[in-house]
file target_12.txt (compact mmCIF, C-alpha atoms)
# COMPACT_ATOMS: atom_id res chain seq x y z
CA MET E 1 -53.13 -11.91 14.59
CA ILE E 2 -50.61 -14.75 14.28
CA LYS E 3 -49.72 -13.53 10.83
CA LYS E 4 -48.99 -10.11 12.28
CA ALA E 5 -46.89 -11.59 15.07
CA VAL E 6 -44.89 -13.65 12.59
CA HIS E 7 -44.40 -10.54 10.51
CA TYR E 8 -43.07 -8.63 13.52
CA LEU E 9 -40.85 -11.54 14.40
CA PHE E 10 -39.31 -11.46 10.94
CA VAL E 11 -38.81 -7.72 11.12
CA LEU E 12 -37.21 -8.14 14.53
CA LEU E 13 -34.94 -10.92 13.27
CA PHE E 14 -33.98 -8.89 10.23
CA VAL E 15 -33.16 -5.82 12.30
CA THR E 16 -31.15 -7.91 14.76
CA PHE E 17 -29.12 -9.50 12.00
CA SER E 18 -28.40 -6.28 10.16
CA VAL E 19 -27.36 -4.61 13.43
CA GLN E 20 -25.03 -7.53 14.08
CA ALA E 21 -23.47 -7.19 10.67
CA GLN E 22 -22.94 -3.48 11.22
CA GLU E 23 -21.45 -4.04 14.65
CA LYS E 24 -18.74 -6.23 13.23
CA VAL E 25 -16.96 -3.31 11.66
CA THR E 26 -16.27 -0.04 13.41
CA VAL E 27 -15.43 2.77 11.01
CA TYR E 28 -12.80 5.31 11.99
CA ASP E 29 -12.88 8.43 9.85
CA THR E 30 -9.67 9.87 11.23
CA TYR E 31 -6.38 8.25 12.12
CA ASP E 32 -6.28 10.04 15.48
CA ASP E 33 -9.63 8.53 16.42
CA PHE E 34 -8.35 5.10 15.40
CA ALA E 35 -5.08 5.50 17.32
CA LYS E 36 -6.85 6.67 20.47
CA ASN E 37 -9.17 3.65 20.49
CA ILE E 38 -7.00 0.88 19.05
CA LEU E 39 -3.31 1.59 19.61
CA ILE E 40 -3.46 0.96 23.34
CA GLU E 41 -0.38 0.48 25.48
CA ASP E 42 -1.32 -2.26 27.93
CA GLU E 43 -0.31 -5.81 28.87
CA ASN E 44 -1.89 -7.30 25.72
CA ILE E 45 0.06 -8.20 22.63
CA TYR E 46 -1.65 -6.64 19.64
CA VAL E 47 -1.00 -7.86 16.12
CA ILE E 48 -2.39 -5.12 13.89
CA ASN E 49 -2.53 -6.01 10.22
CA PHE E 50 -3.22 -3.37 7.56
CA TRP E 51 -5.00 -4.86 4.56
CA ALA E 52 -7.81 -4.38 2.01
CA THR E 53 -10.23 -6.66 0.19
CA TRP E 54 -8.61 -5.66 -3.13
CA CYS E 55 -5.09 -6.60 -1.98
CA ALA E 56 -4.26 -10.14 -3.13
CA PRO E 57 -1.18 -10.77 -0.93
CA CYS E 58 -3.15 -9.45 2.06
CA ILE E 59 -5.99 -11.91 1.48
CA LYS E 60 -3.51 -14.74 1.05
CA GLU E 61 -2.05 -14.21 4.51
CA LEU E 62 -5.33 -13.53 6.37
CA PRO E 63 -5.79 -17.22 7.34
CA TYR E 64 -2.41 -17.12 9.13
CA PHE E 65 -3.59 -14.17 11.19
CA GLU E 66 -6.87 -15.94 11.90
CA LYS E 67 -4.98 -19.00 13.07
CA LEU E 68 -2.70 -16.87 15.23
CA ASN E 69 -5.74 -15.22 16.81
CA ALA E 70 -7.35 -18.58 17.52
CA GLU E 71 -4.27 -20.43 18.78
CA ASN E 72 -2.27 -17.87 20.68
CA LYS E 73 -4.36 -16.68 23.60
CA ASN E 74 -1.79 -14.02 24.51
CA VAL E 75 -2.32 -12.29 21.21
CA LYS E 76 -5.13 -10.07 19.99
CA VAL E 77 -5.28 -9.78 16.22
CA ILE E 78 -6.84 -6.64 14.75
CA LEU E 79 -7.44 -6.48 11.01
CA VAL E 80 -7.44 -2.87 9.85
CA SER E 81 -9.12 -2.61 6.46
CA LEU E 82 -8.11 0.30 4.25
CA ASP E 83 -11.01 -0.25 1.88
CA SER E 84 -13.12 2.71 0.81
CA LYS E 85 -16.00 3.58 3.09
CA LYS E 86 -18.39 3.16 0.18
CA ASP E 87 -17.28 -0.48 -0.09
CA LEU E 88 -18.17 -1.28 3.53
CA ASP E 89 -21.55 -2.90 2.82
CA LYS E 90 -20.76 -3.92 -0.74
CA LYS E 91 -17.40 -5.61 -0.26
CA LEU E 92 -15.98 -5.61 3.26
CA ILE E 93 -18.93 -7.02 5.24
CA PRO E 94 -19.73 -9.71 2.64
CA PHE E 95 -16.02 -10.63 2.65
CA ILE E 96 -15.97 -10.97 6.45
CA GLU E 97 -19.10 -13.10 6.38
CA LYS E 98 -17.93 -15.31 3.54
CA ARG E 99 -14.55 -15.93 5.16
CA LYS E 100 -16.15 -16.17 8.62
CA LEU E 101 -13.42 -13.98 10.05
CA LYS E 102 -13.19 -14.23 13.83
CA SER E 103 -10.53 -11.59 14.42
CA LYS E 104 -11.64 -8.05 15.11
CA VAL E 105 -12.05 -6.15 11.84
CA LEU E 106 -12.31 -2.39 11.56
CA LEU E 107 -12.28 0.12 8.73
CA LEU E 108 -9.83 3.01 8.78
CA ALA E 109 -11.27 5.46 6.26
CA ASP E 110 -8.82 8.35 6.62
CA LYS E 111 -7.79 9.01 3.00
CA ASP E 112 -5.19 11.68 3.80
CA TYR E 113 -2.51 8.98 3.91
CA ASN E 114 0.40 11.37 3.93
CA SER E 115 -0.86 12.81 7.23
CA TRP E 116 -0.85 9.49 9.12
CA LEU E 117 1.27 6.72 7.54
CA SER E 118 4.40 8.02 9.27
CA LYS E 119 2.61 7.99 12.62
CA VAL E 120 2.20 4.22 12.35
CA ASP E 121 5.89 3.90 11.51
CA ALA E 122 8.44 6.32 10.07
CA ASP E 123 9.65 3.69 7.58
CA TRP E 124 6.25 2.74 6.15
CA SER E 125 6.15 3.78 2.50
CA GLY E 126 2.49 2.77 2.17
CA ALA E 127 2.63 -0.68 0.61
CA ILE E 128 0.23 -3.26 2.04
CA PRO E 129 0.15 -5.75 3.61
CA ALA E 130 1.92 -4.28 6.61
CA THR E 131 1.83 -5.36 10.24
CA LEU E 132 2.33 -3.54 13.52
CA LEU E 133 3.09 -5.41 16.74
CA LEU E 134 2.30 -3.62 19.97
CA ASN E 135 2.87 -4.57 23.59
CA GLY E 136 2.98 -1.76 26.15
CA LYS E 137 5.76 0.58 25.06
CA LYS E 138 7.26 -2.09 22.83
CA LYS E 139 6.55 -1.68 19.13
CA GLN E 140 7.64 -3.37 15.91
CA PHE E 141 6.52 -2.71 12.36
CA ALA E 142 7.11 -4.50 9.08
CA GLU E 143 6.05 -3.61 5.55
CA ARG E 144 5.99 -7.23 4.40
CA ASP E 145 3.84 -10.28 3.92
CA PHE E 146 4.13 -13.70 5.53
CA GLU E 147 4.64 -16.83 3.45
CA ASN E 148 2.92 -19.19 5.89
CA PHE E 149 1.62 -19.48 9.44
CA ASP E 150 4.95 -20.59 10.92
CA GLU E 151 6.71 -17.54 9.55
CA LEU E 152 4.13 -15.23 11.12
CA ASN E 153 4.06 -17.17 14.38
CA GLN E 154 7.85 -17.10 14.71
CA TYR E 155 7.93 -13.42 13.90
CA VAL E 156 5.35 -12.64 16.60
CA ASN E 157 7.00 -14.95 19.14
CA SER E 158 10.40 -13.35 18.68
CA PHE E 159 8.71 -9.99 19.35
CA ILE E 160 7.06 -11.33 22.49
CA ASN E 161 10.44 -12.60 23.75
CA LEU E 162 12.28 -9.37 22.98
CA MET R 1 21.46 -12.86 31.04
CA LYS R 2 22.19 -9.35 29.86
CA VAL R 3 24.47 -10.64 27.14
CA VAL R 4 21.77 -12.99 25.92
CA THR R 5 19.25 -10.16 25.77
CA LEU R 6 21.70 -7.97 23.89
CA LEU R 7 22.52 -10.76 21.49
CA MET R 8 18.84 -11.36 20.86
CA MET R 9 18.27 -7.67 20.27
CA PHE R 10 21.22 -7.62 17.89
CA PHE R 11 20.00 -10.56 15.86
CA SER R 12 16.36 -9.57 15.80
CA SER R 13 17.25 -6.04 14.70
CA PHE R 14 19.33 -7.62 11.97
CA LEU R 15 16.38 -9.76 10.88
CA VAL R 16 13.96 -6.85 10.92
CA GLY R 17 16.45 -4.51 9.29
CA GLU R 18 16.90 -6.82 6.35
CA LYS R 19 13.21 -6.63 5.56
CA THR R 20 12.30 -3.02 6.24
CA VAL R 21 15.23 -0.64 5.81
CA SER R 22 14.77 1.18 2.54
CA THR R 23 17.85 1.50 0.42
CA GLY R 24 16.34 3.54 -2.39
CA TYR R 25 16.81 7.15 -3.36
CA GLN R 26 16.34 10.10 -1.09
CA PRO R 27 15.70 13.62 -2.45
CA GLY R 28 19.00 15.00 -3.70
CA ASP R 29 20.34 11.64 -4.91
CA LYS R 30 21.21 11.16 -8.56
CA ALA R 31 18.91 8.60 -10.18
CA THR R 32 20.13 5.97 -12.58
CA ASP R 33 19.12 6.14 -16.22
CA PHE R 34 17.73 2.97 -17.78
CA LYS R 35 17.13 1.34 -21.11
CA LEU R 36 13.78 -0.39 -20.97
CA LYS R 37 11.36 -1.78 -23.52
CA SER R 38 8.00 -0.04 -23.95
CA VAL R 39 4.68 -1.41 -25.16
CA ASP R 40 5.59 -0.17 -28.67
CA GLY R 41 8.56 -2.56 -28.68
CA LYS R 42 11.14 0.28 -28.65
CA GLN R 43 13.77 0.89 -25.99
CA TYR R 44 13.59 4.10 -23.95
CA SER R 45 16.26 5.95 -21.97
CA MET R 46 16.12 9.35 -20.35
CA ALA R 47 19.34 10.23 -22.20
CA ASN R 48 17.33 10.24 -25.44
CA TYR R 49 15.32 13.31 -24.34
CA LYS R 50 17.86 16.01 -25.14
CA ASP R 51 15.53 18.95 -24.50
CA ALA R 52 14.12 17.61 -21.19
CA LYS R 53 13.79 19.90 -18.19
CA GLY R 54 12.90 16.95 -16.02
CA PHE R 55 11.34 13.51 -15.78
CA ILE R 56 8.32 12.07 -14.02
CA VAL R 57 9.10 8.41 -13.37
CA VAL R 58 5.96 6.55 -12.28
CA PHE R 59 6.10 2.95 -11.08
CA THR R 60 2.66 1.56 -11.87
CA CYS R 61 0.97 -1.59 -13.11
CA ASN R 62 -2.10 -2.96 -14.87
CA THR R 63 -4.52 -3.99 -12.15
CA CYS R 64 -3.63 -2.63 -8.70
CA PRO R 65 -6.86 -0.77 -7.83
CA PHE R 66 -4.92 2.28 -6.67
CA ALA R 67 -2.88 2.32 -9.89
CA VAL R 68 -6.08 1.99 -11.92
CA LYS R 69 -7.66 4.91 -10.04
CA TYR R 70 -4.71 7.07 -11.10
CA GLU R 71 -4.53 5.96 -14.79
CA ASP R 72 -6.46 8.89 -16.20
CA ARG R 73 -4.64 11.36 -14.00
CA ILE R 74 -1.26 9.95 -15.06
CA ASN R 75 -2.26 10.18 -18.71
CA ALA R 76 -3.41 13.80 -18.29
CA LEU R 77 -0.19 14.71 -16.48
CA ALA R 78 1.91 13.14 -19.24
CA LYS R 79 0.14 15.22 -21.92
CA LYS R 80 0.21 18.44 -19.92
CA TYR R 81 3.88 18.31 -18.94
CA LYS R 82 5.33 16.94 -22.16
CA GLU R 83 4.68 20.37 -23.67
CA LYS R 84 6.57 21.99 -20.81
CA GLY R 85 9.58 19.69 -21.22
CA TYR R 86 8.87 17.25 -18.40
CA TYR R 87 8.55 13.72 -19.74
CA LEU R 88 6.54 11.07 -17.97
CA LEU R 89 7.88 7.52 -18.14
CA ALA R 90 5.84 4.74 -16.54
CA ILE R 91 7.60 1.58 -15.42
CA ASN R 92 5.79 -1.64 -14.53
CA PRO R 93 7.96 -3.23 -11.80
CA ASN R 94 5.93 -6.39 -11.22
CA ASP R 95 7.23 -9.82 -12.18
CA PRO R 96 4.54 -11.39 -14.42
CA ALA R 97 5.51 -14.75 -12.95
CA ALA R 98 4.21 -13.46 -9.61
CA GLN R 99 1.44 -11.27 -11.02
CA PRO R 100 -0.02 -12.78 -14.23
CA ASP R 101 -2.00 -9.59 -14.88
CA ASP R 102 1.23 -7.78 -15.71
CA THR R 103 2.52 -9.61 -18.77
CA PHE R 104 3.90 -7.56 -21.68
CA GLU R 105 0.84 -8.44 -23.79
CA LEU R 106 -1.55 -7.21 -21.09
CA MET R 107 0.49 -4.04 -20.70
CA GLN R 108 0.10 -3.45 -24.45
CA LYS R 109 -3.63 -4.04 -24.15
CA LYS R 110 -3.91 -1.62 -21.23
CA ALA R 111 -1.91 1.08 -23.02
CA LYS R 112 -4.07 0.73 -26.13
CA GLU R 113 -7.38 0.71 -24.25
CA LYS R 114 -6.49 3.73 -22.15
CA GLY R 115 -4.68 5.59 -24.94
CA PHE R 116 -1.51 6.05 -22.90
CA SER R 117 0.38 9.07 -24.19
CA PHE R 118 3.63 8.00 -22.51
CA PRO R 119 6.04 5.06 -22.72
CA TYR R 120 4.88 2.17 -20.55
CA LEU R 121 8.07 0.27 -19.79
CA VAL R 122 8.88 -3.22 -18.55
CA ASP R 123 11.36 -3.47 -15.68
CA GLU R 124 12.81 -6.63 -17.16
CA GLY R 125 14.57 -8.69 -14.49
CA GLN R 126 13.32 -6.18 -11.87
CA LYS R 127 16.63 -4.30 -11.87
CA ILE R 128 15.44 -0.69 -11.83
CA TYR R 129 12.75 -0.44 -9.14
CA PRO R 130 15.05 -1.58 -6.26
CA GLN R 131 17.61 1.08 -7.20
CA TYR R 132 14.95 3.76 -7.04
CA GLY R 133 13.53 2.26 -3.86
CA ALA R 134 10.01 1.97 -5.23
CA THR R 135 7.95 -0.24 -2.92
CA LYS R 136 4.46 0.01 -4.36
CA THR R 137 2.28 1.03 -7.25
CA PRO R 138 1.75 3.85 -7.92
CA HIS R 139 5.02 5.39 -6.70
CA VAL R 140 6.34 8.60 -8.28
CA PHE R 141 9.86 10.01 -8.59
CA LEU R 142 10.35 13.52 -10.01
CA LEU R 143 13.82 14.12 -11.45
CA ASP R 144 15.39 17.30 -12.80
CA LYS R 145 17.27 17.35 -16.11
CA ASN R 146 20.44 16.13 -14.38
CA LEU R 147 18.46 13.17 -12.97
CA ILE R 148 18.65 14.55 -9.42
CA VAL R 149 15.66 13.29 -7.38
CA LYS R 150 13.49 16.27 -6.46
CA TYR R 151 10.32 14.66 -5.15
CA ILE R 152 9.19 11.16 -4.12
CA GLY R 153 5.74 9.84 -3.33
CA ALA R 154 2.13 10.32 -4.29
CA ILE R 155 0.56 12.21 -7.20
CA ASP R 156 -1.97 13.95 -4.95
CA ASP R 157 -3.82 13.55 -1.69
CA ASN R 158 -6.95 11.73 -2.81
CA THR R 159 -6.75 8.32 -4.45
CA ASP R 160 -10.49 7.77 -4.60
CA ASP R 161 -11.68 11.00 -6.10
CA ALA R 162 -9.72 13.25 -8.46
CA SER R 163 -12.30 16.01 -8.05
CA ALA R 164 -11.83 16.05 -4.26
CA VAL R 165 -8.06 16.55 -4.37
CA LYS R 166 -6.87 19.32 -2.08
CA GLU R 167 -3.14 19.12 -2.71
CA LYS R 168 -1.52 18.20 -6.03
CA TYR R 169 1.83 17.13 -4.61
CA LEU R 170 3.46 16.23 -7.91
CA GLU R 171 2.28 19.28 -9.84
CA ASN R 172 3.31 21.55 -6.98
CA ALA R 173 6.74 19.93 -7.01
CA ILE R 174 7.10 20.53 -10.76
CA ALA R 175 6.01 24.16 -10.25
CA ALA R 176 8.73 24.54 -7.60
CA LEU R 177 11.28 23.07 -10.02
CA GLU R 178 10.17 25.59 -12.66
CA LYS R 179 10.72 28.43 -10.20
CA GLY R 180 14.08 27.04 -9.15
CA THR R 181 12.94 26.38 -5.58
CA GLU R 182 12.80 23.14 -3.61
CA PRO R 183 9.47 21.28 -3.54
CA SER R 184 7.56 21.15 -0.27
CA PRO R 185 6.65 18.53 0.76
CA VAL R 186 9.60 16.75 -0.80
CA VAL R 187 8.38 13.27 0.19
CA THR R 188 4.78 12.11 0.62
CA LYS R 189 3.28 8.75 1.49
CA ALA R 190 0.25 6.89 0.21
CA ILE R 191 -1.22 3.41 0.28
CA GLY R 192 -0.44 1.25 -2.72
CA CYS R 193 -0.03 -2.35 -3.83
CA SER R 194 3.25 -3.98 -2.91
CA ILE R 195 5.52 -4.72 -5.89
CA LYS R 196 5.18 -8.37 -6.86
CA VAL R 197 8.31 -10.48 -6.73
CA LYS R 198 8.42 -14.19 -7.39
CA LYS R 199 9.29 -16.00 -4.17
CA LYS R 200 12.45 -18.05 -4.32
CA ALA R 201 11.77 -21.71 -3.74

call {"tool": "encode", "arguments": {"input": "target_12.txt", "output": "structure tokens"}}
result
Amino acid sequence: MIKKAVHYLFVLLFVTFSVQAQEKVTVYDTYDDFAKNILIEDENIYVINFWATWCAPCIKELPYFEKLNAENKNVKVILVSLDSKKDLDKKLIPFIEKRKLKSKVLLLADKDYNSWLSKVDADWSGAIPATLLLNGKKKQFAERDFENFDELNQYVNSFINL
Amino acid sequence: MKVVTLLMMFFSSFLVGEKTVSTGYQPGDKATDFKLKSVDGKQYSMANYKDAKGFIVVFTCNTCPFAVKYEDRINALAKKYKEKGYYLLAINPNDPAAQPDDTFELMQKKAKEKGFSFPYLVDEGQKIYPQYGATKTPHVFLLDKNLIVKYIGAIDDNTDDASAVKEKYLENAIAALEKGTEPSPVVTKAIGCSIKVKKKA
């Protein structure tokens, strides 16, 4: 009886944990779906970083975004992974867990890049990392990386004060 | 107050502009020729191809996952279009000091392993890619025989799966060139790895 209960408990725990892992990453199959749910014009300041687990300069600057998310309460950081959907369980979720990422991470799996890159910003050629700042109607985009936390923080602060 | 706001807008736009405004080629511009060293040790220029009807200039590199996914397709395109008079020239724009996977020796190894049927050139001193306005790998520029830019962007619309491609942008653009019409679309966009430049201290 106890054995059975313990068994159920383990199953329950296992299910809970795997559900948690899944819940960390919402997958958007189309850009329009992503835009409708994420690119929201409200009083919040969104710092939306486009990255992938295979992109070395992206991974290098992730800690700066994490720090920004933790330290600046006015800012909501959203990390938009452009990894393949098939790499979600294999690469993206293990990466998030290993790095203990606290910012919101989602997967944008729309592979028809030519149909949506210009909607993010007309000047985006498609190189990553790239970062979109959003606050109400105010918008700023840069196809660039950040050398250190101060550079990112200053960049975001100058946007806030625009 | 207003003046301050305007000044701030002026300066911030200047700051942003410096980083993001692309100064590379647009369709219709005349591209520069180059003289670059290939993995075989020889120098290559477009001027050497007297019978060329056009050129496919591909900025690519050794290890960017998106470049790697296109390797076989680039090789197949080079073979197919060489016979038709369109020569594919691949240029590695990365600074090996910033990306150690892109040294000349590793380029030679890659070309040998993959049996590249096209020159794989070093953008020594990173002088060519900024003129073209390449920002990532892979990044394709189709030129006609007079080096006029006819198409810029992606090879096709599916990086992950060559068999699931719906639109072959580059091949369609070459077909348009053959017919004497303008390619459509003339510019496409795709995700790629940023070109690696050594940061100045």

call {"tool": "atom_distance", "arguments": {"input": "target_12.txt", "atom1": "CA of Lys37 (chain R)", "atom2": "CA of Leu121 (chain R)"}}
result
5.4 Å

call {"tool": "interface_residues", "arguments": {"input": "target_12.txt", "of": "chain E", "to": "chain R", "cutoff": "10 Å", "atoms": "all atoms listed in the file", "output": "PDB file with C-alpha atoms, in the frame of the given file"}}
result
ATOM      1  CA  ALA E  52      -7.810  -4.380   2.010  1.00  0.00           C
ATOM      2  CA  TRP E  54      -8.610  -5.660  -3.130  1.00  0.00           C
ATOM      3  CA  CYS E  55      -5.090  -6.600  -1.980  1.00  0.00           C
ATOM      4  CA  ALA E  56      -4.260 -10.140  -3.130  1.00  0.00           C
ATOM      5  CA  PRO E  57      -1.180 -10.770  -0.930  1.00  0.00           C
ATOM      6  CA  CYS E  58      -3.150  -9.450   2.060  1.00  0.00           C
ATOM      7  CA  LEU E  82      -8.110   0.300   4.250  1.00  0.00           C
ATOM      8  CA  SER E  84     -13.120   2.710   0.810  1.00  0.00           C
ATOM      9  CA  LYS E 111      -7.790   9.010   3.000  1.00  0.00           C
ATOM     10  CA  ASP E 112      -5.190  11.680   3.800  1.00  0.00           C
ATOM     11  CA  TYR E 113      -2.510   8.980   3.910  1.00  0.00           C
ATOM     12  CA  ASN E 114       0.400  11.370   3.930  1.00  0.00           C
ATOM     13  CA  SER E 115      -0.860  12.810   7.230  1.00  0.00           C
ATOM     14  CA  TRP E 116      -0.850   9.490   9.120  1.00  0.00           C
ATOM     15  CA  LEU E 117       1.270   6.720   7.540  1.00  0.00           C
ATOM     16  CA  SER E 118       4.400   8.020   9.270  1.00  0.00           C
ATOM     17  CA  ASP E 123       9.650   3.690   7.580  1.00  0.00           C
ATOM     18  CA  TRP E 124       6.250   2.740   6.150  1.00  0.00           C
ATOM     19  CA  SER E 125       6.150   3.780   2.500  1.00  0.00           C
ATOM     20  CA  GLY E 126       2.490   2.770   2.170  1.00  0.00           C
ATOM     21  CA  ALA E 127       2.630  -0.680   0.610  1.00  0.00           C
ATOM     22  CA  ILE E 128       0.230  -3.260   2.040  1.00  0.00           C
ATOM     23  CA  PRO E 129       0.150  -5.750   3.610  1.00  0.00           C
ATOM     24  CA  ALA E 130       1.920  -4.280   6.610  1.00  0.00           C
ATOM     25  CA  GLN E 140       7.640  -3.370  15.910  1.00  0.00           C
ATOM     26  CA  PHE E 141       6.520  -2.710  12.360  1.00  0.00           C
ATOM     27  CA  ALA E 142       7.110  -4.500   9.080  1.00  0.00           C
ATOM     28  CA  GLU E 143       6.050  -3.610   5.550  1.00  0.00           C
ATOM     29  CA  ARG E 144       5.990  -7.230   4.400  1.00  0.00           C
ATOM     30  CA  ASP E 145       3.840 -10.280   3.920  1.00  0.00           C
ATOM     31  CA  GLU E 147       4.640 -16.830   3.450  1.00  0.00           C
ATOM     32  CA  TYR E 155       7.930 -13.420  13.900  1.00  0.00           C
ATOM     33  CA  SER E 158      10.400 -13.350  18.680  1.00  0.00           C
ATOM     34  CA  PHE E 159       8.710  -9.990  19.350  1.00  0.00           C
ATOM     35  CA  ASN E 161      10.440 -12.600  23.750  1.00  0.00           C
ATOM     36  CA  LEU E 162      12.280  -9.370  22.980  1.00  0.00           C
TER      37      LEU E 162
END

call {"tool": "atom_distance", "arguments": {"input": "target_12.txt", "atom1": "CA of Asp150 (chain E)", "atom2": "CA of Lys102 (chain E)"}}
result
19.4 Å

call {"tool": "residues_around", "arguments": {"input": "target_12.txt", "residues": "Leu39 (chain E)", "least_positions_apart": "4", "cutoff": "12 Å", "atoms": "only C-alpha atoms", "output": "PDB file with C-alpha atoms, in the frame of the given file"}}
result
ATOM      1  CA  TYR E  31      -6.380   8.250  12.120  1.00  0.00           C
ATOM      2  CA  ASP E  32      -6.280  10.040  15.480  1.00  0.00           C
ATOM      3  CA  ASP E  33      -9.630   8.530  16.420  1.00  0.00           C
ATOM      4  CA  PHE E  34      -8.350   5.100  15.400  1.00  0.00           C
ATOM      5  CA  ALA E  35      -5.080   5.500  17.320  1.00  0.00           C
ATOM      6  CA  ASN E  44      -1.890  -7.300  25.720  1.00  0.00           C
ATOM      7  CA  ILE E  45       0.060  -8.200  22.630  1.00  0.00           C
ATOM      8  CA  TYR E  46      -1.650  -6.640  19.640  1.00  0.00           C
ATOM      9  CA  VAL E  47      -1.000  -7.860  16.120  1.00  0.00           C
ATOM     10  CA  ILE E  48      -2.390  -5.120  13.890  1.00  0.00           C
ATOM     11  CA  LYS E  76      -5.130 -10.070  19.990  1.00  0.00           C
ATOM     12  CA  ILE E  78      -6.840  -6.640  14.750  1.00  0.00           C
ATOM     13  CA  VAL E  80      -7.440  -2.870   9.850  1.00  0.00           C
ATOM     14  CA  LYS E 119       2.610   7.990  12.620  1.00  0.00           C
ATOM     15  CA  VAL E 120       2.200   4.220  12.350  1.00  0.00           C
ATOM     16  CA  LEU E 132       2.330  -3.540  13.520  1.00  0.00           C
ATOM     17  CA  LEU E 133       3.090  -5.410  16.740  1.00  0.00           C
ATOM     18  CA  LEU E 134       2.300  -3.620  19.970  1.00  0.00           C
ATOM     19  CA  ASN E 135       2.870  -4.570  23.590  1.00  0.00           C
ATOM     20  CA  GLY E 136       2.980  -1.760  26.150  1.00  0.00           C
ATOM     21  CA  LYS E 137       5.760   0.580  25.060  1.00  0.00           C
ATOM     22  CA  LYS E 138       7.260  -2.090  22.830  1.00  0.00           C
ATOM     23  CA  LYS E 139       6.550  -1.680  19.130  1.00  0.00           C
TER      24      LYS E 139
END

call {"tool": "atom_distance", "arguments": {"input": "target_12.txt", "atom1": "CA of Leu143 (chain R)", "atom2": "CA of Phe55 (chain R)"}}
result
5.0 Å

call {"tool": "closest_residue", "arguments": {"input": "target_12.txt", "among": "R:Asn62, R:Phe116, R:Leu177, R:Tyr25", "to": "Tyr86 (chain R)", "atoms": "only C-alpha atoms"}}
result
R:Leu177

call {"tool": "build_atoms", "arguments": {"input": "target_12.txt", "residues": "region 118-122 of chain E", "atoms": "all heavy atoms", "output": "short mmCIF file (atom, residue, chain, number, x, y, z; two decimals), keeping the file's coordinate frame"}}
result
data_model
loop_
_atom_site.label_atom_id
_atom_site.label_comp_id
_atom_site.auth_asym_id
_atom_site.auth_seq_id
_atom_site.Cartn_x
_atom_site.Cartn_y
_atom_site.Cartn_z
N SER E 118 3.17 7.91 8.48
CA SER E 118 4.40 8.02 9.27
C SER E 118 4.15 7.88 10.76
O SER E 118 5.06 7.55 11.51
CB SER E 118 5.09 9.36 9.01
OG SER E 118 5.51 9.41 7.67
N LYS E 119 2.92 8.14 11.19
CA LYS E 119 2.61 7.99 12.62
C LYS E 119 2.56 6.52 13.01
O LYS E 119 2.87 6.17 14.15
CB LYS E 119 1.26 8.65 12.95
CG LYS E 119 1.28 10.17 12.82
CD LYS E 119 -0.09 10.74 13.21
CE LYS E 119 -0.16 12.23 12.90
NZ LYS E 119 -1.54 12.74 13.07
N VAL E 120 2.17 5.66 12.07
CA VAL E 120 2.20 4.22 12.35
C VAL E 120 3.66 3.77 12.46
O VAL E 120 4.05 3.13 13.43
CB VAL E 120 1.50 3.42 11.23
CG1 VAL E 120 1.60 1.92 11.49
CG2 VAL E 120 0.03 3.84 11.12
N ASP E 121 4.46 4.16 11.46
CA ASP E 121 5.89 3.90 11.51
C ASP E 121 6.60 4.80 10.49
O ASP E 121 6.14 4.93 9.36
CB ASP E 121 6.19 2.43 11.19
CG ASP E 121 7.64 2.08 11.47
OD1 ASP E 121 7.93 1.68 12.60
OD2 ASP E 121 8.49 2.25 10.57
N ALA E 122 7.71 5.37 10.93
CA ALA E 122 8.44 6.32 10.07
C ALA E 122 8.89 5.67 8.75
O ALA E 122 9.00 6.35 7.74
CB ALA E 122 9.65 6.87 10.81
#
